[in-house]
>>> print(open('start.txt').read())   # compact mmCIF, C-alpha atoms and all ligand atoms
# COMPACT_ATOMS: atom_id res chain seq x y z
CA MET V 58 47.92 -293.97 121.35
CA SER V 59 45.08 -296.35 121.96
CA LYS V 60 42.42 -295.13 124.33
CA ALA V 61 43.71 -297.40 127.09
CA GLY V 62 47.27 -296.02 126.96
CA ILE V 63 50.79 -297.37 126.69
CA PRO V 64 52.26 -299.76 129.28
CA VAL V 65 55.73 -298.69 130.41
CA LEU V 66 57.18 -301.77 132.08
CA ASN V 67 59.93 -301.60 134.67
CA TYR V 68 62.32 -304.50 135.14
CA HIS V 69 65.67 -304.67 136.92
CA ALA V 70 67.67 -307.87 136.27
CA ILE V 71 67.23 -311.32 134.75
CA ASP V 72 68.10 -314.37 136.82
CA GLY V 73 69.45 -317.08 134.54
CA ASN V 74 69.47 -319.67 137.33
CA MET V 75 66.24 -319.03 139.13
CA ALA V 76 63.27 -321.13 138.08
CA ALA V 77 61.57 -321.42 141.46
CA ASN V 78 61.84 -320.21 145.04
CA PRO V 79 60.78 -316.59 144.52
CA ASP V 80 62.28 -314.19 146.99
CA SER V 81 60.37 -310.95 147.52
CA ARG V 82 63.63 -309.01 148.08
CA ASN V 83 64.84 -310.07 144.70
CA VAL V 84 64.16 -307.64 141.87
CA SER V 85 65.22 -310.14 139.20
CA VAL V 86 62.76 -312.05 137.09
CA SER V 87 63.67 -315.56 136.02
CA LEU V 88 64.94 -316.13 132.52
CA GLN V 89 61.95 -318.34 131.77
CA SER V 90 59.46 -315.71 133.01
CA PHE V 91 61.17 -313.02 130.94
CA LYS V 92 61.03 -315.19 127.83
CA ASN V 93 57.34 -315.85 128.50
CA HIS V 94 56.65 -312.13 128.91
CA MET V 95 58.36 -311.17 125.63
CA GLU V 96 56.68 -314.00 123.76
CA TRP V 97 53.27 -312.96 125.10
CA LEU V 98 53.82 -309.31 124.12
CA HIS V 99 54.88 -310.35 120.63
CA LYS V 100 51.95 -312.76 120.19
CA HIS V 101 49.52 -310.07 121.28
CA GLY V 102 50.82 -307.58 118.73
CA TYR V 103 52.78 -305.22 120.96
CA LYS V 104 55.63 -303.30 119.36
CA SER V 105 58.31 -301.65 121.47
CA ILE V 106 58.34 -297.89 121.21
CA SER V 107 61.65 -296.06 121.58
CA GLU V 108 62.28 -293.59 124.35
CA ALA V 109 62.55 -290.92 121.64
CA ASP V 110 59.08 -291.85 120.32
CA LEU V 111 57.64 -291.70 123.81
CA ARG V 112 59.31 -288.31 124.26
CA ASN V 113 57.69 -287.03 121.06
CA LEU V 114 54.37 -288.33 122.23
CA VAL V 115 54.55 -286.81 125.70
CA LEU V 116 56.29 -283.52 124.90
CA HIS V 117 55.03 -282.81 121.40
CA ARG V 118 51.81 -284.85 121.33
CA LYS V 119 52.99 -286.63 118.20
CA PRO V 120 50.74 -289.66 117.95
CA VAL V 121 51.96 -293.21 117.37
CA SER V 122 49.60 -295.63 115.72
CA GLY V 123 49.33 -299.26 116.76
CA LYS V 124 49.76 -301.20 119.94
CA HIS V 125 52.85 -300.11 121.80
CA MET V 126 54.80 -300.65 124.98
CA LEU V 127 58.06 -299.35 126.40
CA ILE V 128 60.31 -301.69 128.35
CA THR V 129 62.63 -300.09 130.88
CA PHE V 130 65.36 -301.54 133.10
CA ASP V 131 66.79 -299.78 136.16
CA ASP V 132 70.30 -299.82 137.66
CA GLY V 133 72.46 -301.54 134.98
CA TYR V 134 72.96 -305.29 135.42
CA TYR V 135 75.12 -307.49 133.21
CA SER V 136 72.18 -309.90 132.83
CA LEU V 137 70.55 -307.35 130.51
CA TYR V 138 73.42 -307.71 128.08
CA GLN V 139 73.65 -311.46 128.67
CA HIS V 140 69.96 -312.37 128.55
CA ALA V 141 67.47 -309.54 128.02
CA GLN V 142 68.83 -307.90 124.88
CA PRO V 143 69.24 -311.14 122.84
CA ILE V 144 65.74 -312.36 123.78
CA MET V 145 64.14 -309.01 123.01
CA ALA V 146 66.01 -308.73 119.69
CA GLN V 147 64.28 -311.94 118.49
CA TYR V 148 61.03 -309.98 118.51
CA GLY V 149 62.48 -306.68 117.30
CA PHE V 150 62.09 -305.16 120.77
CA THR V 151 64.45 -302.57 122.22
CA ALA V 152 64.53 -301.10 125.71
CA THR V 153 65.47 -298.07 127.74
CA LEU V 154 68.07 -298.52 130.47
CA PHE V 155 68.16 -296.12 133.40
CA LEU V 156 71.75 -296.37 134.54
CA SER V 157 73.45 -295.59 137.85
CA THR V 158 76.92 -294.55 136.78
CA ALA V 159 79.18 -294.21 139.84
CA TYR V 160 80.60 -297.74 140.01
CA ILE V 161 80.81 -298.70 136.37
CA GLY V 162 84.22 -300.16 135.61
CA LYS V 163 85.11 -300.41 139.29
CA PRO V 164 85.61 -303.76 141.04
CA TYR V 165 82.73 -303.41 143.49
CA GLY V 166 79.19 -302.67 142.47
CA LEU V 167 76.74 -300.50 144.32
CA SER V 168 76.11 -302.14 147.67
CA ASP V 169 72.34 -301.78 147.48
CA PHE V 170 72.07 -303.55 144.14
CA TYR V 171 70.78 -307.06 144.49
CA PHE V 172 73.05 -309.34 142.48
CA VAL V 173 71.80 -312.86 141.85
CA GLY V 174 74.10 -315.70 140.78
CA ASP V 175 76.95 -314.40 138.64
CA ASP V 176 75.27 -311.10 137.82
CA ARG V 177 77.30 -307.90 138.15
CA GLN V 178 77.29 -304.34 136.89
CA LEU V 179 77.55 -303.65 133.18
CA SER V 180 80.80 -302.31 131.76
CA TRP V 181 80.87 -299.26 129.48
CA GLU V 182 81.78 -301.56 126.60
CA GLU V 183 78.62 -303.63 127.18
CA ILE V 184 76.54 -300.49 127.60
CA ARG V 185 77.88 -299.16 124.27
CA SER V 186 76.86 -302.46 122.68
CA LEU V 187 73.30 -302.13 124.04
CA SER V 188 73.19 -298.57 122.74
CA ALA V 189 74.43 -299.71 119.32
CA ASN V 190 71.62 -302.29 119.31
CA GLY V 191 68.97 -299.61 119.64
CA TRP V 192 68.66 -299.34 123.40
CA SER V 193 68.31 -295.87 124.88
CA ILE V 194 70.56 -295.24 127.89
CA GLN V 195 69.24 -292.65 130.33
CA SER V 196 70.02 -291.59 133.89
CA HIS V 197 69.20 -293.24 137.22
CA GLY V 198 71.52 -290.91 139.15
CA ASP V 199 75.17 -291.43 139.98
CA ASN V 200 75.25 -293.30 143.32
CA HIS V 201 71.71 -294.71 143.46
CA VAL V 202 70.73 -292.67 146.50
CA LYS V 203 67.35 -291.47 147.74
CA MET V 204 66.98 -288.24 145.83
CA ASN V 205 64.41 -286.74 148.21
CA GLY V 206 66.92 -286.86 151.10
CA LEU V 207 69.71 -284.83 149.50
CA ASP V 208 70.76 -281.24 150.00
CA LYS V 209 70.55 -279.12 146.87
CA GLN V 210 74.27 -279.21 146.05
CA THR V 211 74.54 -283.01 146.32
CA LEU V 212 71.32 -283.42 144.37
CA ILE V 213 72.65 -281.29 141.49
CA LYS V 214 75.91 -283.27 141.51
CA GLU V 215 74.05 -286.61 141.40
CA ILE V 216 71.93 -285.66 138.41
CA THR V 217 74.60 -283.81 136.43
CA ASP V 218 77.44 -286.34 137.00
CA SER V 219 75.37 -289.28 135.73
CA LYS V 220 74.10 -287.30 132.72
CA LYS V 221 77.65 -286.26 131.83
CA ALA V 222 79.12 -289.75 132.29
CA ILE V 223 76.59 -291.33 129.92
CA GLU V 224 76.80 -288.54 127.34
CA GLU V 225 80.61 -288.68 127.33
CA ASN V 226 80.79 -292.47 127.09
CA LEU V 227 78.06 -292.90 124.47
CA GLY V 228 78.02 -289.60 122.62
CA LYS V 229 74.23 -289.47 122.81
CA PRO V 230 72.03 -287.05 124.73
CA VAL V 231 70.56 -287.92 128.13
CA ASP V 232 67.24 -286.16 128.72
CA SER V 233 65.32 -288.57 130.94
CA PHE V 234 65.68 -289.67 134.53
CA ALA V 235 64.23 -292.47 136.66
CA PHE V 236 64.12 -291.89 140.42
CA PRO V 237 66.09 -294.48 142.47
CA TYR V 238 63.57 -296.21 144.79
CA GLY V 239 60.88 -294.15 143.04
CA LEU V 240 61.55 -291.33 145.51
CA TYR V 241 61.32 -287.65 144.59
CA ASN V 242 60.11 -284.30 145.86
CA LYS V 243 59.50 -280.86 144.39
CA MET V 244 63.18 -279.87 144.62
CA VAL V 245 64.18 -283.01 142.68
CA LEU V 246 61.70 -282.19 139.90
CA ASP V 247 62.79 -278.52 139.82
CA GLN V 248 66.51 -279.36 139.67
CA LEU V 249 66.03 -282.04 137.00
CA LYS V 250 64.35 -279.43 134.80
CA ALA V 251 67.06 -276.85 135.63
CA THR V 252 69.86 -279.26 134.61
CA GLY V 253 68.36 -280.13 131.24
CA TYR V 254 66.15 -283.16 131.86
CA THR V 255 62.79 -282.99 130.13
CA MET V 256 61.18 -286.21 131.36
CA ALA V 257 61.26 -288.32 134.52
CA TYR V 258 59.96 -291.82 135.13
CA SER V 259 58.25 -292.77 138.36
CA VAL V 260 57.11 -296.10 139.75
CA HIS V 261 53.53 -294.89 139.99
CA SER V 262 51.28 -297.52 138.46
CA GLY V 263 49.06 -296.93 135.44
CA LEU V 264 49.29 -296.77 131.67
CA LEU V 265 50.81 -293.76 129.94
CA SER V 266 47.92 -291.58 128.82
CA ARG V 267 47.32 -288.10 127.45
CA SER V 268 47.01 -286.85 131.01
CA SER V 269 50.38 -288.26 132.14
CA GLN V 270 52.80 -285.63 133.45
CA ARG V 271 56.22 -285.49 131.78
CA MET V 272 58.13 -285.40 135.08
CA ARG V 273 56.35 -288.43 136.50
CA ILE V 274 55.77 -290.91 133.70
CA PRO V 275 53.91 -293.93 135.14
CA ARG V 276 55.68 -297.29 135.12
CA ILE V 277 54.51 -300.74 136.06
CA GLU V 278 57.05 -302.77 138.02
CA ILE V 279 57.43 -306.39 136.98
CA ASN V 280 59.21 -308.60 139.52
CA ASN V 281 59.76 -312.21 140.45
CA MET V 282 56.49 -312.33 142.40
CA ASP V 283 54.50 -311.87 139.18
CA THR V 284 52.62 -314.78 137.70
CA MET V 285 51.76 -314.85 134.01
CA GLU V 286 48.26 -313.78 134.99
CA SER V 287 49.43 -310.79 137.04
CA PHE V 288 51.80 -309.82 134.22
CA MET V 289 48.92 -309.76 131.73
CA THR V 290 46.75 -307.75 134.14
CA LYS V 291 49.54 -305.21 134.63
CA VAL V 292 50.25 -304.83 130.89
CA THR V 293 46.61 -304.46 129.89
CA THR V 294 45.32 -302.32 132.78
CA GLY V 295 48.44 -300.67 134.22
CA TYR V 296 47.57 -301.92 137.70
CA ILE V 297 48.00 -305.07 139.75
CA SER V 298 44.37 -305.01 140.95
CA PRO V 299 41.21 -302.86 140.92
CA GLU V 300 42.03 -301.81 144.51
CA ASN V 301 45.52 -300.69 143.39
CA GLU V 302 43.89 -298.75 140.55
CA ARG V 303 41.48 -296.94 142.89
CA ARG V 304 44.21 -295.96 145.33
CA SER V 305 46.61 -294.94 142.55
CA LYS V 306 44.04 -292.68 140.92
CA ILE V 307 43.34 -290.89 144.20
CA ARG V 308 47.10 -290.52 144.73
CA ASP V 309 47.56 -289.13 141.21
CA ILE V 310 45.07 -286.37 141.95
CA ILE V 311 46.64 -285.52 145.33
CA TYR V 312 50.24 -285.85 144.10
CA GLY V 313 49.48 -283.82 140.94
CA ASN V 314 50.94 -280.85 142.78
CA PRO V 315 54.49 -281.71 143.97
CA ALA V 316 54.32 -279.18 146.82
CA VAL V 317 51.19 -280.87 148.16
CA LYS V 318 52.91 -284.26 147.87
CA ASP V 319 55.88 -282.96 149.90
CA LEU V 320 53.61 -281.58 152.58
CA ILE V 321 51.60 -284.78 152.90
CA GLU V 322 54.73 -286.93 153.11
CA LYS V 323 56.13 -284.59 155.76
CA VAL V 324 53.12 -284.72 158.05
CA THR V 325 52.22 -288.36 157.39
CA PRO V 326 55.37 -290.27 156.39
CA LYS V 327 53.40 -293.47 156.00
CA PHE V 328 50.67 -291.91 153.89
CA GLY V 329 48.83 -294.87 152.52
CA PHE V 330 49.25 -294.31 148.81
CA GLY V 331 52.96 -295.10 148.58
CA ASN V 332 54.91 -295.00 145.37
CA HIS V 333 53.17 -297.79 143.61
ZN ZN O 1 67.30 -298.57 141.03
>>> encode(input="start.txt", output="structure tokens", more="lines below")
Ligand SMILES: [Zn+2]
Amino acid sequence: MSKAGIPVLNYHAIDGNMAANPDSRNVSVSLQSFKNHMEWLHKHGYKSISEADLRNLVLHRKPVSGKHMLITFDDGYYSLYQHAQPIMAQYGFTATLFLSTAYIGKPYGLSDFYFVGDDRQLSWEEIRSLSANGWSIQSHGDNHVKMNGLDKQTLIKEITDSKKAIEENLGKPVDSFAFPYGLYNKMVLDQLKATGYTMAYSVHSGLLSRSSQRMRIPRIEINNMDTMESFMTKVTTGYISPENERRSKIRDIIYGNPAVKDLIEKVTPKFGFGNH
């Protein structure tokens, strides 16, 4: 790993129709922006690392040489199969998809997913195709609910059902989790470990470094509000701005202990460090 660290980028969906009129509620990035991002990464010598390589690095400290990044997608939109995978394949890039499993193959998608244009949820057949093309498919829970608001029994069901559904449909192990809405607490981390997960991805900003914790891997969210300039800043520094970096580093120290994080969020729900 370079001294600076590895950017773990977090996308959701690709909007094939949207070239202008950015909407802050919309988690899609336009097709043109996504193409520009991948082209920039390729031109600047980035190679995509697999989730398994990142796992080896974080859990076993096995170094990877060169300039690397990991691209992740949350939820499970059809536009990944339609747009993202073919574009990324041109540059030899693969991705990790954190999938919410409950509504796959059912007529209605999860109500809190934000579908743009003709986007929809992926089918198992399309997910198997992504997997066959080198994508790693990991868990984003079953129903895409706020994990920090669940009782223990429901929490265990959420994280085991999604793991089982992916493992059964793809025949590959699921060991990593990404928190829906970036929300977690100590019980979520404890139960993930107890049910066989060995890594979890947050939406805390920053580059992956030697000091990153395995149950809260930092990720940098890329959305339709990003300009090419903000994209480059995020990839190279891990943060949107120096102010974001300062606040995030203070938060990382305070949130280092999950019990302390829970206590702070309980007494000050709007504690100013947020998830990002
Ligand atoms: Zn999500």
>>> closest_residue(input="start.txt", among="V:Ser266, V:Ser85, V:Ser305, V:Asn200", to="V:Pro120", atoms="only C-alpha atoms")
V:Ser266
>>> closest_residue(input="start.txt", among="V:Thr153, V:Thr211, V:Asn74, V:Ser122", to="V:Asn190", atoms="only C-alpha atoms")
V:Thr153
>>> residues_near_ligand(input="start.txt", ligand="ligand ZN 1 (chain O)", cutoff="7 Å", atoms="all atoms listed in the file", output="ChimeraX atom specification")
/V:131-132,197,201,237-238
>>> atom_distance(input="start.txt", atom1="atom CA of V:Lys243", atom2="atom CA of V:Lys119")
27.6 Å
>>> closest_residue(input="start.txt", among="V:Lys214, V:Arg177, V:Arg273, V:Arg304", to="V:Phe234", atoms="only C-alpha atoms")
V:Arg273
>>> atom_distance(input="start.txt", atom1="atom CA of V:Tyr241", atom2="atom CA of V:Gly253")
16.9 Å
>>> residues_around(input="start.txt", residues="V:Gln139", least_positions_apart="4", cutoff="10 Å", atoms="all atoms listed in the file", output="count of residues only")
9
>>> closest_atom_pairs(input="start.txt", of="stretch 210-295 of chain V", to="stretch 309-322 of chain V", cutoff="12 Å", atoms="all atoms listed in the file", output="JSON lines")
{"residue": "V:Leu240", "atom": "CA", "partner": "V:Asp319", "partner_atom": "CA", "distance": 11.0}
{"residue": "V:Tyr241", "atom": "CA", "partner": "V:Asp319", "partner_atom": "CA", "distance": 8.9}
{"residue": "V:Asn242", "atom": "CA", "partner": "V:Asp319", "partner_atom": "CA", "distance": 6.0}
{"residue": "V:Lys243", "atom": "CA", "partner": "V:Pro315", "partner_atom": "CA", "distance": 5.1}
{"residue": "V:Met244", "atom": "CA", "partner": "V:Pro315", "partner_atom": "CA", "distance": 8.9}
{"residue": "V:Val245", "atom": "CA", "partner": "V:Pro315", "partner_atom": "CA", "distance": 9.9}
{"residue": "V:Leu246", "atom": "CA", "partner": "V:Pro315", "partner_atom": "CA", "distance": 8.3}
{"residue": "V:Asp247", "atom": "CA", "partner": "V:Pro315", "partner_atom": "CA", "distance": 9.8}
{"residue": "V:Ser259", "atom": "CA", "partner": "V:Asp309", "partner_atom": "CA", "distance": 11.6}
{"residue": "V:Val260", "atom": "CA", "partner": "V:Asp309", "partner_atom": "CA", "distance": 11.9}
{"residue": "V:His261", "atom": "CA", "partner": "V:Asp309", "partner_atom": "CA", "distance": 8.4}
{"residue": "V:Ser262", "atom": "CA", "partner": "V:Asp309", "partner_atom": "CA", "distance": 9.6}
{"residue": "V:Gly263", "atom": "CA", "partner": "V:Asp309", "partner_atom": "CA", "distance": 9.8}
{"residue": "V:Ser268", "atom": "CA", "partner": "V:Asp309", "partner_atom": "CA", "distance": 10.5}
{"residue": "V:Ser269", "atom": "CA", "partner": "V:Asp309", "partner_atom": "CA", "distance": 9.5}
{"residue": "V:Gln270", "atom": "CA", "partner": "V:Gly313", "partner_atom": "CA", "distance": 8.4}
{"residue": "V:Arg271", "atom": "CA", "partner": "V:Gly313", "partner_atom": "CA", "distance": 11.5}
{"residue": "V:Met272", "atom": "CA", "partner": "V:Pro315", "partner_atom": "CA", "distance": 10.3}
{"residue": "V:Arg273", "atom": "CA", "partner": "V:Gly313", "partner_atom": "CA", "distance": 9.4}
{"residue": "V:Ile274", "atom": "CA", "partner": "V:Asp309", "partner_atom": "CA", "distance": 11.3}
{"residue": "V:Pro275", "atom": "CA", "partner": "V:Asp309", "partner_atom": "CA", "distance": 10.0}
>>> write_last_selection(input="start.txt", atoms="C-alpha atoms", output="tab-separated table (two decimals), in the frame of the given file")
chain	number	residue	atom	x	y	z
V	240	LEU	CA	61.55	-291.33	145.51
V	241	TYR	CA	61.32	-287.65	144.59
V	242	ASN	CA	60.11	-284.30	145.86
V	243	LYS	CA	59.50	-280.86	144.39
V	244	MET	CA	63.18	-279.87	144.62
V	245	VAL	CA	64.18	-283.01	142.68
V	246	LEU	CA	61.70	-282.19	139.90
V	247	ASP	CA	62.79	-278.52	139.82
V	259	SER	CA	58.25	-292.77	138.36
V	260	VAL	CA	57.11	-296.10	139.75
V	261	HIS	CA	53.53	-294.89	139.99
V	262	SER	CA	51.28	-297.52	138.46
V	263	GLY	CA	49.06	-296.93	135.44
V	268	SER	CA	47.01	-286.85	131.01
V	269	SER	CA	50.38	-288.26	132.14
V	270	GLN	CA	52.80	-285.63	133.45
V	271	ARG	CA	56.22	-285.49	131.78
V	272	MET	CA	58.13	-285.40	135.08
V	273	ARG	CA	56.35	-288.43	136.50
V	274	ILE	CA	55.77	-290.91	133.70
V	275	PRO	CA	53.91	-293.93	135.14
